[in-house]
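These notes are about the structure you will find just below.
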Number of protein chains: 2
Amino acid sequence: MSLNVGVIGAGAMGTAISQCIAPNTNKLLLYARRKEICDDINEGHINCEYHPSVKLHKNIMAVNDLCDLKDVDVIFLCIPSSVMRQTMVQLNDIVSDKCIFVSTAKGIENKTNKRMSEVIEEETGRSAVVLSGPNIASEMMKNLPSATTIASIKKKDLEIVKNVLSTPKLKVNTNHDVIGTEFCGIIKNILAISQGICKGMGINDNAKFAVFTKSYNETKCIIEKLGGNRSTVDDYCGFGDIITASTLNVSRNHTLGIWYGQGVYLDEQTGVLFEGKNTTIVLKEICDKLNIECLTVNFVYDVIILKKSPKKAFYALWEKL
Amino acid sequence: MSLNVGVIGAGAMGTAISQCIAPNTNKLLLYARRKEICDDINEGHINCEYHPSVKLHKNIMAVNDLCDLKDVDVIFLCIPSSVMRQTMVQLNDIVSDKCIFVSTAKGIENKTNKRMSEVIEEETGRSAVVLSGPNIASEMMKNLPSATTIASIKKKDLEIVKNVLSTPKLKVNTNHDVIGTEFCGIIKNILAISQGICKGMGINDNAKFAVFTKSYNETKCIIEKLGGNRSTVDDYCGFGDIITASTLNVSRNHTLGIWYGQGVYLDEQTGVLFEGKNTTIVLKEICDKLNIECLTVNFVYDVIILKKSPKKAFYALWEKL
């Protein structure tokens, strides 16, 4: 039986997920905050702002009012982590008790340092499914093959969401390690910045990948200390996403690292949000609090936040390797 | 106390290792099979064939007779796996009982399917130290930072070899998992070919790295089944070397994969040795014998050995992901 599915956030990822899973659903309601995007989708079947060259599946209907999602069975939350809490407060009064929330946001809440599933649980009393993987949105829009990880403590929810997501082109691994899966998506940003700095500095490959190896192992240590499983880091949400963000030039955080490695200190006044900067500060706090010595976090913190010389920061890291 | 060290094989890696560790040794004897290379090194302090632009450390003396190595304490074996056995037969009568052998050869013996440390043990009765890591020789020659893994069942041997190798620029991790460390260097070639095929075909990044994630996990499964440790695969010899060989264009095996992915079937009559082809056949045998379903090995075997269409082979793999 196909379900009614809602997707909140008509950005690059929300639209791409909608496009992938529309054929699996009875009805897919895509919530766009901006009225003009909503109209574009309903009138021309195009999201002109994010995927201007791809026709949207006929099953996708855009809505501009969260109340329109009141009858959906599953909601994908494809919004920035900064607006997760306020969105959940609104949604909690709208959706049915049985509605399953799936978070695709890869971030941590400012000030509280909470994971998205924690925010969702606090505001709705429900445990969420989290989704994380090497999923470049533009490729998913074109129906190119892709794989992802979903995690939940509830077996039944995992089954339902896996059924909604799985297509011949989209492969889905499941696990019960919500903490590990969410933290993979968070720590990945630090690794992407770190490898970006190395690239920007023109560090040789042997050294760059030695640091990368150390970073990968440190990711496992942090996740284990935080209550997740080391093996989760080997899955799509970890290995796959880490390699994508750290070796290609598709990640903003990676590009941020390259700039700093090249000695270009971006002026925050540009108004561009680099989530990785916030993540760096948060992870530094977490590591310090839990007494975890993480060379990668220190390296990125030194260069991006303290604006130390990348070369000096690199040799400080190298000495401890 | 610094030791007398021998390095057998004055190719790219043997010369680079000599250059790295010469300052740590009392005397470094570099055995070159060819007289002209030996003369070049002793007369001009250059290995014209492999590293023509780098002056060799003054501590390095080339020799052309294995008997000259009779008094060394440690020997690095930087030779192709195909000549390991015959070299060990010769060496066994020459060196002292206390001499430690370190194998850097990343391959498996033809027909017997034996690892290099097994071949060494069979011919000399000694357990060898094995060395494996993301070590691009040209970078090591320039004294650029690099990291590597050494493994041995003997703690004392590990200590001695670690002392010989370690410099501010060369970091060394140790473990006791000889099987895992050696197989990392072997299976890595299959992954490099597999990722090469994907690149050659122009497969999208989400899919390429989904396959890469699966391959990484399959590497752990194979190594565990063969008696090694999964965690070894996360070290320099695994993660570091796998990323290097599979994402850069420095590996012959990766280039081989790219050719096949582009539909260019190399004519074996060119006389160029692609060790990865042999490795593919051997690993297929091992997996079949041990009843391990390894999608990556099957994919590479189908394309490189059976010359199936890369596209068909890829979709056969994707279906099972």
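Within each chain, counting starts at residue 1; across the structure tokens, chains are named A, B, ... in the order shown, with ligands numbered 1 upward in that order.
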Only residues of chain A matter here; which ones have an atom within 10 Å of chain B, counting only C-alpha atoms? Give them as a PyMOL selection string.
chain A and resi 133-137+139-140+144-148+168-173+203-214+216-217+220+231+234-244+247-248+315+318-321
Taking 3 positions as the minimum chain separation for residues in the same chain, which residues sit within 12 Å of Asn249 in chain B when counting only C-alpha atoms? Answer as a list in words.
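Contacts, with the query itself left out: Asp205 of chain A; Ile136, Ala192, Ile193, Gln195, Gly196, Lys199, Gly200, Ile243, Thr244, Ala245, Ser246, Arg252, Asn253, His254, Thr255, Leu256, Gly257 and Ile258 of chain B.
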Counting only C-alpha atoms, the option among B:Cys294, B:Ile150, B:Leu66, B:Ala32 closest to Thr219 in chain B
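Distance minimum relative to Thr219 in chain B lands on B:Cys294.
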Residues near Glu159 in chain B, cut-off 10 Å, only C-alpha atoms, skip fewer than 6 positions along chain, as JSON, numbers by chain:
{"B": [150, 152, 165, 174]}
Output of the above residues as a PDB file, in the first residue's frame, restricted to N, CA and C atoms:
```pdb
ATOM      1  N   ILE B 150      53.640  -1.072   9.700  1.00  0.00           N
ATOM      2  CA  ILE B 150      54.427  -2.312   9.667  1.00  0.00           C
ATOM      3  C   ILE B 150      53.775  -3.320  10.607  1.00  0.00           C
ATOM      4  N   SER B 152      54.151  -7.411  12.363  1.00  0.00           N
ATOM      5  CA  SER B 152      54.942  -8.610  12.628  1.00  0.00           C
ATOM      6  C   SER B 152      54.363  -9.284  13.857  1.00  0.00           C
ATOM      7  N   LEU B 165      62.952   2.982  10.575  1.00  0.00           N
ATOM      8  CA  LEU B 165      62.128   3.719   9.611  1.00  0.00           C
ATOM      9  C   LEU B 165      61.757   5.126  10.060  1.00  0.00           C
ATOM     10  N   THR B 174      52.368   0.421  14.091  1.00  0.00           N
ATOM     11  CA  THR B 174      52.710  -1.008  14.166  1.00  0.00           C
ATOM     12  C   THR B 174      51.490  -1.824  14.570  1.00  0.00           C
TER      13      THR B 174
END
```
Every residue of range 112-320 of chain B that DSSP places in strand (DSSP E or B), as a list in words
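Residues of range 112-320 of chain B classed as strand (DSSP E or B): Arg115, Val129, Val130, Leu131, Ser132, Ser146, Ala147, Thr148, Thr149, Ile150, Ala151, Leu170, Lys171, Val172, Asn173, Thr174 and Asn175 of chain B.
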Write out, as a short mmCIF file (atom, residue, chain, number, x, y, z; two decimals), in the first residue's frame, the residues just selected, with N, CA and C atoms.
```cif
data_model
loop_
_atom_site.label_atom_id
_atom_site.label_comp_id
_atom_site.auth_asym_id
_atom_site.auth_seq_id
_atom_site.Cartn_x
_atom_site.Cartn_y
_atom_site.Cartn_z
N ARG B 115 51.07 -15.40 0.52
CA ARG B 115 51.51 -14.03 0.82
C ARG B 115 53.04 -14.00 0.89
N VAL B 129 58.76 -9.04 8.82
CA VAL B 129 57.97 -7.83 9.06
C VAL B 129 57.42 -7.42 7.70
N VAL B 130 56.15 -6.99 7.66
CA VAL B 130 55.62 -6.51 6.39
C VAL B 130 55.31 -5.02 6.50
N LEU B 131 55.54 -4.33 5.41
CA LEU B 131 55.35 -2.87 5.39
C LEU B 131 54.35 -2.53 4.29
N SER B 132 53.35 -1.71 4.61
CA SER B 132 52.35 -1.35 3.61
C SER B 132 51.73 0.00 3.98
N SER B 146 55.10 11.41 5.12
CA SER B 146 54.47 10.16 4.70
C SER B 146 54.24 9.29 5.93
N ALA B 147 53.30 8.36 5.83
CA ALA B 147 53.04 7.45 6.97
C ALA B 147 52.83 6.05 6.45
N THR B 148 53.17 5.07 7.26
CA THR B 148 53.07 3.69 6.82
C THR B 148 52.78 2.76 7.99
N THR B 149 52.39 1.53 7.66
CA THR B 149 52.10 0.51 8.67
C THR B 149 53.12 -0.61 8.56
N ILE B 150 53.64 -1.07 9.70
CA ILE B 150 54.43 -2.31 9.67
C ILE B 150 53.77 -3.32 10.61
N ALA B 151 53.87 -4.59 10.21
CA ALA B 151 53.25 -5.64 11.02
C ALA B 151 54.20 -6.81 11.19
N LEU B 170 58.63 10.60 8.38
CA LEU B 170 58.00 9.29 8.14
C LEU B 170 57.44 8.73 9.44
N LYS B 171 56.10 8.65 9.51
CA LYS B 171 55.41 8.14 10.69
C LYS B 171 55.09 6.66 10.50
N VAL B 172 55.25 5.89 11.55
CA VAL B 172 55.09 4.43 11.43
C VAL B 172 54.12 3.91 12.48
N ASN B 173 53.04 3.29 12.04
CA ASN B 173 52.15 2.56 12.96
C ASN B 173 52.53 1.08 12.95
N THR B 174 52.37 0.42 14.09
CA THR B 174 52.71 -1.01 14.17
C THR B 174 51.49 -1.82 14.57
N ASN B 175 51.47 -3.06 14.13
CA ASN B 175 50.44 -4.00 14.62
C ASN B 175 50.97 -5.43 14.48
#
```
May I have all residues of range 51-207 of chain B that DSSP, computed from the backbone, assigns to helix (DSSP H, G or I), given as a PyMOL selection string?
chain B and resi 66-69+81-92+116-124+137-141+155-165+178-201+205-207
List the spatial neighbours of range 299-303 of chain B as a ChimeraX atom specification - criterion: any atom at most 8 Å away, only C-alpha atoms, same-chain residues fewer than 5 positions off excluded.
/B:190,193-194,260,280-281,284,308-310,313-314,317
Nearest residue to Ser251 in chain B from the set B:Gly107, B:Gly276, B:Gly9, B:Gly202 (distances using only C-alpha atoms):
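Ranking B:Gly107, B:Gly276, B:Gly9, B:Gly202 by distance to Ser251 in chain B, first place goes to B:Gly276.
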Rounded to one decimal in Å, what is the spacing between CA of Lys277 in chain A and CA of Asn298 in chain A?
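One can read the CA of Lys277 in chain A to CA of Asn298 in chain A distance as 12.7 Å.
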Any idea what the distance is between CA of Ile17 in chain A and CA of Lys106 in chain A?
15.0 Å
Counting only C-alpha atoms, the option among B:Asn24, B:Ser166, B:Asn59, B:Asn64 closest to Cys38 in chain B
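Result for the nearest residue to Cys38 in chain B: B:Asn64.
Each of A:Gln19, A:Ser2, A:Ser82, A:Asn189 was checked against Thr296 in chain A using only C-alpha atoms; the smallest atom-to-atom distance is that of A:Asn189.
In this model, the gap between CA of Asn92 in chain A and CA of Glu109 in chain A comes to 18.6 Å.
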